[in-house]
file protein-v2.txt (compact mmCIF, C-alpha atoms and all ligand atoms)
# COMPACT_ATOMS: atom_id res chain seq x y z
CA MET K 1 0.00 0.00 0.00
CA LYS K 2 1.34 3.45 -0.88
CA SER K 3 1.22 6.12 1.81
CA ASP K 4 -1.91 8.18 2.40
CA SER K 5 -2.47 11.81 1.47
CA VAL K 6 -4.26 13.65 4.25
CA VAL K 7 -6.84 16.13 3.01
CA PHE K 8 -8.20 18.59 5.57
CA LEU K 9 -11.86 18.70 4.56
CA GLY K 10 -12.81 20.68 7.64
CA SER K 11 -10.44 22.67 9.84
CA GLY K 12 -13.07 24.65 11.77
CA ASP K 13 -14.57 24.33 15.22
CA ALA K 14 -18.20 23.54 16.11
CA PHE K 15 -19.16 27.12 15.22
CA SER K 16 -17.53 27.15 11.78
CA ALA K 17 -15.39 30.13 12.79
CA GLY K 18 -14.01 31.99 9.80
CA GLY K 19 -16.36 30.10 7.46
CA ARG K 20 -14.42 26.88 7.88
CA PHE K 21 -16.04 23.47 7.61
CA GLN K 22 -16.36 21.31 10.73
CA ALA K 23 -14.13 18.33 11.49
CA ALA K 24 -13.35 15.89 8.65
CA TYR K 25 -9.99 14.54 7.50
CA LEU K 26 -9.63 12.29 4.50
CA PHE K 27 -6.83 9.76 4.30
CA GLN K 28 -6.94 9.50 0.56
CA ASN K 29 -5.62 6.29 -0.93
CA GLU K 30 -8.00 4.95 -3.53
CA PRO K 31 -9.67 2.47 -3.58
CA ASP K 32 -9.36 2.30 0.23
CA SER K 33 -9.65 5.81 1.58
CA LEU K 34 -10.44 6.48 5.22
CA LEU K 35 -12.37 9.37 6.71
CA LEU K 36 -11.46 10.58 10.18
CA ASP K 37 -14.50 12.30 11.69
CA CYS K 38 -17.46 13.34 9.60
CA GLY K 39 -18.68 16.88 10.27
CA PRO K 40 -21.94 18.07 8.70
CA GLY K 41 -20.20 19.89 5.81
CA VAL K 42 -18.38 16.80 4.61
CA LEU K 43 -20.21 16.42 1.29
CA THR K 44 -19.83 20.10 0.44
CA SER K 45 -16.14 19.97 1.19
CA LEU K 46 -15.57 16.76 -0.79
CA SER K 47 -17.43 18.28 -3.71
CA ARG K 48 -15.41 21.53 -3.57
CA ASN K 49 -12.24 19.48 -3.60
CA LYS K 50 -13.60 17.36 -6.48
CA ILE K 51 -13.22 14.16 -4.48
CA SER K 52 -15.77 11.37 -4.76
CA PRO K 53 -17.01 9.89 -1.48
CA ILE K 54 -17.10 6.42 -3.04
CA PRO K 55 -13.53 5.24 -2.19
CA ILE K 56 -14.18 5.84 1.53
CA ASN K 57 -14.45 2.38 3.08
CA THR K 58 -13.81 3.24 6.71
CA ILE K 59 -14.95 6.15 8.86
CA LEU K 60 -13.36 6.70 12.26
CA LEU K 61 -15.25 8.74 14.83
CA THR K 62 -13.49 10.41 17.75
CA HIS K 63 -16.71 11.18 19.68
CA PHE K 64 -20.38 11.86 19.23
CA HIS K 65 -20.52 15.64 18.99
CA GLY K 66 -22.40 16.95 15.97
CA ASP K 67 -19.40 18.76 14.48
CA HIS K 68 -17.64 15.36 14.31
CA PHE K 69 -20.35 12.96 13.13
CA ALA K 70 -23.45 14.80 11.88
CA GLY K 71 -22.30 14.40 8.26
CA LEU K 72 -22.99 10.66 8.28
CA PRO K 73 -26.70 10.76 7.29
CA PHE K 74 -25.82 12.90 4.26
CA LEU K 75 -23.22 10.35 3.22
CA PHE K 76 -25.73 7.51 3.63
CA LEU K 77 -28.18 9.34 1.36
CA TYR K 78 -25.43 10.10 -1.14
CA TYR K 79 -24.49 6.42 -1.23
CA THR K 80 -28.16 5.53 -1.77
CA TYR K 81 -29.31 8.08 -4.35
CA VAL K 82 -26.39 9.87 -5.99
CA GLU K 83 -23.63 7.31 -6.47
CA PRO K 84 -25.09 4.06 -5.15
CA ARG K 85 -22.48 1.95 -3.45
CA THR K 86 -22.43 -1.77 -2.92
CA ALA K 87 -19.14 -2.04 -1.04
CA PRO K 88 -19.54 -2.30 2.73
CA LEU K 89 -18.93 0.80 4.82
CA ARG K 90 -17.29 0.43 8.23
CA ILE K 91 -17.88 2.97 10.95
CA VAL K 92 -15.44 2.72 13.83
CA GLY K 93 -15.98 4.61 17.07
CA PRO K 94 -16.40 4.54 20.84
CA PRO K 95 -18.81 2.00 22.42
CA SER K 96 -22.45 2.43 21.31
CA VAL K 97 -21.32 3.80 17.94
CA GLY K 98 -24.02 1.82 16.08
CA ALA K 99 -26.85 3.03 18.32
CA ARG K 100 -25.67 6.66 18.25
CA VAL K 101 -25.30 6.77 14.48
CA MET K 102 -28.68 5.13 13.81
CA GLN K 103 -30.34 7.48 16.31
CA LEU K 104 -28.88 10.42 14.38
CA PHE K 105 -29.95 8.96 11.02
CA ARG K 106 -33.55 8.48 12.29
CA ALA K 107 -33.64 12.03 13.66
CA MET K 108 -32.54 13.50 10.34
CA TYR K 109 -34.20 11.19 7.77
CA ALA K 110 -36.81 9.04 9.53
CA ASP K 111 -38.14 7.37 6.37
CA SER K 112 -34.75 6.53 4.85
CA ALA K 113 -33.52 5.20 8.18
CA GLU K 114 -36.38 2.67 8.15
CA GLU K 115 -35.33 1.30 4.76
CA LYS K 116 -32.52 -1.08 4.03
CA LEU K 117 -29.43 0.64 2.71
CA PRO K 118 -28.06 -0.71 -0.60
CA PHE K 119 -24.74 -1.44 1.10
CA ASP K 120 -23.63 -3.17 4.27
CA LEU K 121 -23.13 -0.80 7.18
CA ARG K 122 -20.75 -2.33 9.71
CA PHE K 123 -20.17 -0.78 13.09
CA ILE K 124 -16.97 -1.53 14.96
CA GLU K 125 -16.56 -0.49 18.58
CA ILE K 126 -12.96 0.30 19.33
CA THR K 127 -11.32 0.60 22.75
CA PRO K 128 -7.74 1.50 23.69
CA GLU K 129 -7.00 -2.18 24.35
CA LYS K 130 -8.08 -3.16 20.86
CA GLU K 131 -5.93 -2.43 17.84
CA LEU K 132 -7.55 -2.69 14.41
CA LEU K 133 -5.95 -3.62 11.14
CA LEU K 134 -8.10 -2.33 8.27
CA ASP K 135 -7.09 -2.00 4.62
CA GLY K 136 -3.41 -2.10 5.57
CA ARG K 137 -3.73 0.60 8.24
CA ARG K 138 -3.03 -0.03 11.90
CA ILE K 139 -5.52 1.92 13.99
CA ASP K 140 -5.23 2.59 17.70
CA CYS K 141 -7.34 4.87 19.86
CA PHE K 142 -6.67 6.48 23.21
CA HIS K 143 -8.84 8.31 25.74
CA VAL K 144 -8.79 12.09 25.76
CA PRO K 145 -10.51 14.38 28.29
CA HIS K 146 -13.43 15.97 26.44
CA THR K 147 -16.85 14.41 27.12
CA GLU K 148 -18.37 12.80 30.19
CA SER K 149 -21.38 10.84 28.95
CA SER K 150 -19.36 8.66 26.56
CA PRO K 151 -15.65 8.37 25.85
CA SER K 152 -13.77 10.68 23.49
CA TYR K 153 -10.82 9.34 21.57
CA GLY K 154 -7.69 10.45 19.87
CA TYR K 155 -6.34 8.15 17.14
CA SER K 156 -3.05 6.87 15.86
CA ILE K 157 -3.15 5.69 12.25
CA GLN K 158 -0.18 3.91 10.78
CA SER K 159 0.33 2.79 7.21
CA ALA K 160 3.19 2.42 4.73
CA GLY K 161 5.67 3.24 7.50
CA LYS K 162 4.06 6.60 8.34
CA ARG K 163 2.12 7.39 11.49
CA VAL K 164 -0.44 10.14 11.99
CA VAL K 165 -1.83 11.07 15.40
CA PHE K 166 -5.03 13.05 15.86
CA SER K 167 -5.90 14.56 19.24
CA GLY K 168 -9.63 14.58 18.53
CA ASP K 169 -11.24 17.20 20.76
CA SER K 170 -9.24 17.18 23.95
CA GLY K 171 -8.38 19.11 27.05
CA TRP K 172 -4.74 19.18 28.05
CA THR K 173 -3.31 15.87 29.24
CA GLU K 174 0.29 14.72 29.59
CA HIS K 175 -0.87 11.38 28.13
CA LEU K 176 -0.99 12.98 24.69
CA LEU K 177 2.81 13.05 24.65
CA ARG K 178 3.02 9.26 24.86
CA HIS K 179 1.13 8.93 21.60
CA THR K 180 2.58 11.83 19.62
CA LYS K 181 6.20 10.79 20.20
CA GLY K 182 7.76 9.82 16.87
CA ALA K 183 4.62 10.56 14.83
CA ASP K 184 5.19 11.79 11.30
CA LEU K 185 2.21 14.11 11.61
CA PHE K 186 0.31 15.29 14.68
CA ILE K 187 -3.03 16.91 13.90
CA CYS K 188 -3.81 18.89 17.02
CA GLU K 189 -7.05 20.52 18.08
CA CYS K 190 -6.63 24.23 18.85
CA SER K 191 -9.98 25.82 19.70
CA PHE K 192 -8.89 28.76 21.83
CA PHE K 193 -6.24 31.40 22.30
CA GLU K 194 -7.06 33.43 25.43
CA SER K 195 -9.62 31.17 27.06
CA ARG K 196 -8.66 27.98 28.85
CA PHE K 197 -11.03 25.04 29.34
CA ASP K 198 -10.65 21.47 30.59
CA MET K 199 -12.26 20.02 27.47
CA HIS K 200 -10.38 21.86 24.69
CA LEU K 201 -6.85 22.88 23.83
CA ASP K 202 -5.61 26.44 23.54
CA TYR K 203 -2.66 27.79 21.57
CA PRO K 204 -0.45 28.91 24.50
CA ARG K 205 -0.69 25.42 26.02
CA ILE K 206 0.18 23.72 22.73
CA ALA K 207 3.01 26.16 21.97
CA GLU K 208 4.62 25.72 25.39
CA ASN K 209 4.61 21.94 24.87
CA ALA K 210 5.42 21.95 21.15
CA GLY K 211 8.92 20.54 21.64
CA ARG K 212 7.66 17.80 23.96
CA PHE K 213 5.25 16.21 21.49
CA GLY K 214 8.16 14.70 19.59
CA ALA K 215 6.23 14.73 16.31
CA LYS K 216 7.96 15.54 13.01
CA ARG K 217 5.20 17.92 11.95
CA ILE K 218 2.38 19.48 13.94
CA VAL K 219 -0.66 21.02 12.28
CA LEU K 220 -3.25 22.93 14.29
CA THR K 221 -6.91 22.40 13.44
CA HIS K 222 -10.45 22.79 14.88
CA LEU K 223 -9.55 26.47 14.83
CA GLY K 224 -11.88 28.75 16.77
CA GLN K 225 -12.63 32.45 16.54
CA GLU K 226 -10.01 33.47 19.13
CA VAL K 227 -7.30 31.56 17.29
CA LEU K 228 -8.20 33.14 13.96
CA GLN K 229 -8.23 36.60 15.54
CA HIS K 230 -4.68 36.02 16.83
CA GLN K 231 -3.30 34.43 13.66
CA ASN K 232 -0.38 36.86 13.53
CA GLU K 233 0.85 35.68 16.93
CA ILE K 234 0.80 32.00 15.99
CA ALA K 235 4.16 30.48 15.18
CA MET K 236 2.89 26.99 14.40
CA GLU K 237 1.41 25.56 11.22
CA MET K 238 -2.34 26.03 10.91
CA ALA K 239 -4.63 23.91 8.76
CA PHE K 240 -6.96 25.32 6.13
CA ASP K 241 -9.86 23.70 4.33
CA GLY K 242 -8.56 21.83 1.29
CA MET K 243 -5.00 21.55 2.65
CA MET K 244 -3.34 18.34 1.50
CA ILE K 245 -0.34 16.65 3.11
CA GLU K 246 1.41 13.80 1.32
CA LEU K 247 2.82 11.50 3.93
ZN ZN I 1 -15.37 19.57 17.96
ZN ZN I 2 -16.38 17.76 20.77

call {"tool": "encode", "arguments": {"input": "protein-v2.txt", "output": "structure tokens"}}
result
Amino acid sequence: MKSDSVVFLGSGDAFSAGGRFQAAYLFQNEPDSLLLDCGPGVLTSLSRNKISPIPINTILLTHFHGDHFAGLPFLFLYYTYVEPRTAPLRIVGPPSVGARVMQLFRAMYADSAEEKLPFDLRFIEITPEKELLLDGRRIDCFHVPHTESSPSYGYSIQSAGKRVVFSGDSGWTEHLLRHTKGADLFICECSFFESRFDMHLDYPRIAENAGRFGAKRIVLTHLGQEVLQHQNEIAMEMAFDGMMIEL
């Protein structure tokens, strides 16, 4: 398998600060692409980047906040009516992923959710003890402090000798450093600049620890209004919608 190209389909926060799309990262490697999180603007962003959703075989979810998974029902409809797919689609996420996704689908498209999809939808619950090997990628998750009702994960995705780590949405934790060490790319949430919360990361905290992550390249994403307002004071690489990184 050749190495993936990471396409930042959505580099914005839950509020789409600066007109950015919400969380979605495509690990493009046809015919086995992987989507990491699936924000509601995913189809628009794929379409703007002239990328077909069809090669996506696996979708990883970090947690069940709308800006990270509300794009799924639109994808299901796309795969039913626009470019019908027959290949199975795997959705990997924290425990109860199947129930949460189907609940969302029913809330958004009650009639379609009652009908059988033309493709196999397979839900895979992942836990930090369980490593997955899918389409030549080694996928590990780890807990991050963000939600209380169900776990939130960060991910480590390894393929063709390259490893990408994604923080998901996360408050500060020293545990992050264990996972980012030696990564080729660390995609790091950065929602705030002046404000500090237990459930999100802010730029000063990331900058003061930048050397400790031990990653070859760090890209900030999930960029909020404060971060965009302080762009001139940011000395780290920031993502933008449509950005592509060849691993
Ligand atoms: Zn978020
Ligand atoms: Zn969140």

call {"tool": "residues_near_ligand", "arguments": {"input": "protein-v2.txt", "ligand": "ligand ZN 2 (chain I)", "cutoff": "8 Å", "atoms": "all atoms listed in the file", "output": "MDAnalysis selection string"}}
result
chainID K and resid 14 63:68 146:147 168:170

call {"tool": "closest_residue", "arguments": {"input": "protein-v2.txt", "among": "K:Phe27, K:Phe192, K:Phe15, K:Tyr155", "to": "ligand ZN 1 (chain I)", "atoms": "only C-alpha atoms and all ligand atoms"}}
result
K:Phe15

call {"tool": "closest_residue", "arguments": {"input": "protein-v2.txt", "among": "K:Ile187, K:Leu228, K:Leu34, K:Ala215", "to": "K:Arg138", "atoms": "all atoms listed in the file"}}
result
K:Leu34

call {"tool": "residues_near_ligand", "arguments": {"input": "protein-v2.txt", "ligand": "ligand ZN 1 (chain I)", "cutoff": "12 Å", "atoms": "all atoms listed in the file", "output": "ChimeraX atom specification"}}
result
/K:10-17,21-24,37-40,61-70,146-147,152-153,167-171,188-192,199-201,221-224

call {"tool": "closest_residue", "arguments": {"input": "protein-v2.txt", "among": "K:Leu220, K:Pro55, K:Asp241, K:Leu60", "to": "K:Gly41", "atoms": "only C-alpha atoms"}}
result
K:Asp241

call {"tool": "atom_distance", "arguments": {"input": "protein-v2.txt", "atom1": "atom CA of K:His230", "atom2": "atom CA of K:Gly214"}}
result
25.0 Å

call {"tool": "residues_near_point", "arguments": {"input": "protein-v2.txt", "point": "(1.1, 7.0, -2.9)", "cutoff": "12 Å", "atoms": "all atoms listed in the file", "output": "VMD selection string"}}
result
chain K and resid 1 to 6 27 to 33 159 to 162 245 to 247

call {"tool": "atom_distance", "arguments": {"input": "protein-v2.txt", "atom1": "atom CA of K:Pro95", "atom2": "atom CA of K:Phe123"}}
result
9.8 Å

call {"tool": "closest_residue", "arguments": {"input": "protein-v2.txt", "among": "K:Gly242, K:Pro151, K:Gly19, K:Gly182", "to": "K:Val164", "atoms": "only C-alpha atoms"}}
result
K:Gly182

call {"tool": "atom_distance", "arguments": {"input": "protein-v2.txt", "atom1": "atom CA of K:Asn49", "atom2": "atom CA of K:Ile91"}}
result
22.7 Å

call {"tool": "closest_residue", "arguments": {"input": "protein-v2.txt", "among": "K:Ala113, K:Ala207, K:Met102, K:Ile218", "to": "K:Lys181", "atoms": "only C-alpha atoms"}}
result
K:Ile218

call {"tool": "residues_around", "arguments": {"input": "protein-v2.txt", "residues": "K:Thr86", "least_positions_apart": "5", "cutoff": "8 Å", "atoms": "only C-alpha atoms", "output": "PyMOL selection string"}}
result
chain K and resi 118-120

call {"tool": "residues_around", "arguments": {"input": "protein-v2.txt", "residues": "K:Arg85", "least_positions_apart": "3", "cutoff": "12 Å", "atoms": "all atoms listed in the file", "output": "list in words"}}
result
Ser52, Pro53, Ile54, Pro55, Ile56, Asn57, Leu75, Phe76, Leu77, Tyr78, Tyr79, Thr80, Tyr81, Val82, Pro88, Leu89, Leu117, Pro118, Phe119, Asp120 and Leu121 of chain K

call {"tool": "closest_residue", "arguments": {"input": "protein-v2.txt", "among": "K:Ser96, K:Ser195, K:Thr180, K:Gln231", "to": "K:Ser150", "atoms": "only C-alpha atoms"}}
result
K:Ser96

call {"tool": "axis_aligned_box", "arguments": {"input": "protein-v2.txt", "around": "stretch 50-56 of chain K", "padding_each_side": "5 Å", "output": "JSON"}}
result
{"center_x": -15.2, "center_y": 11.3, "center_z": -2.5, "size_x": 13.9, "size_y": 22.1, "size_z": 18.0}
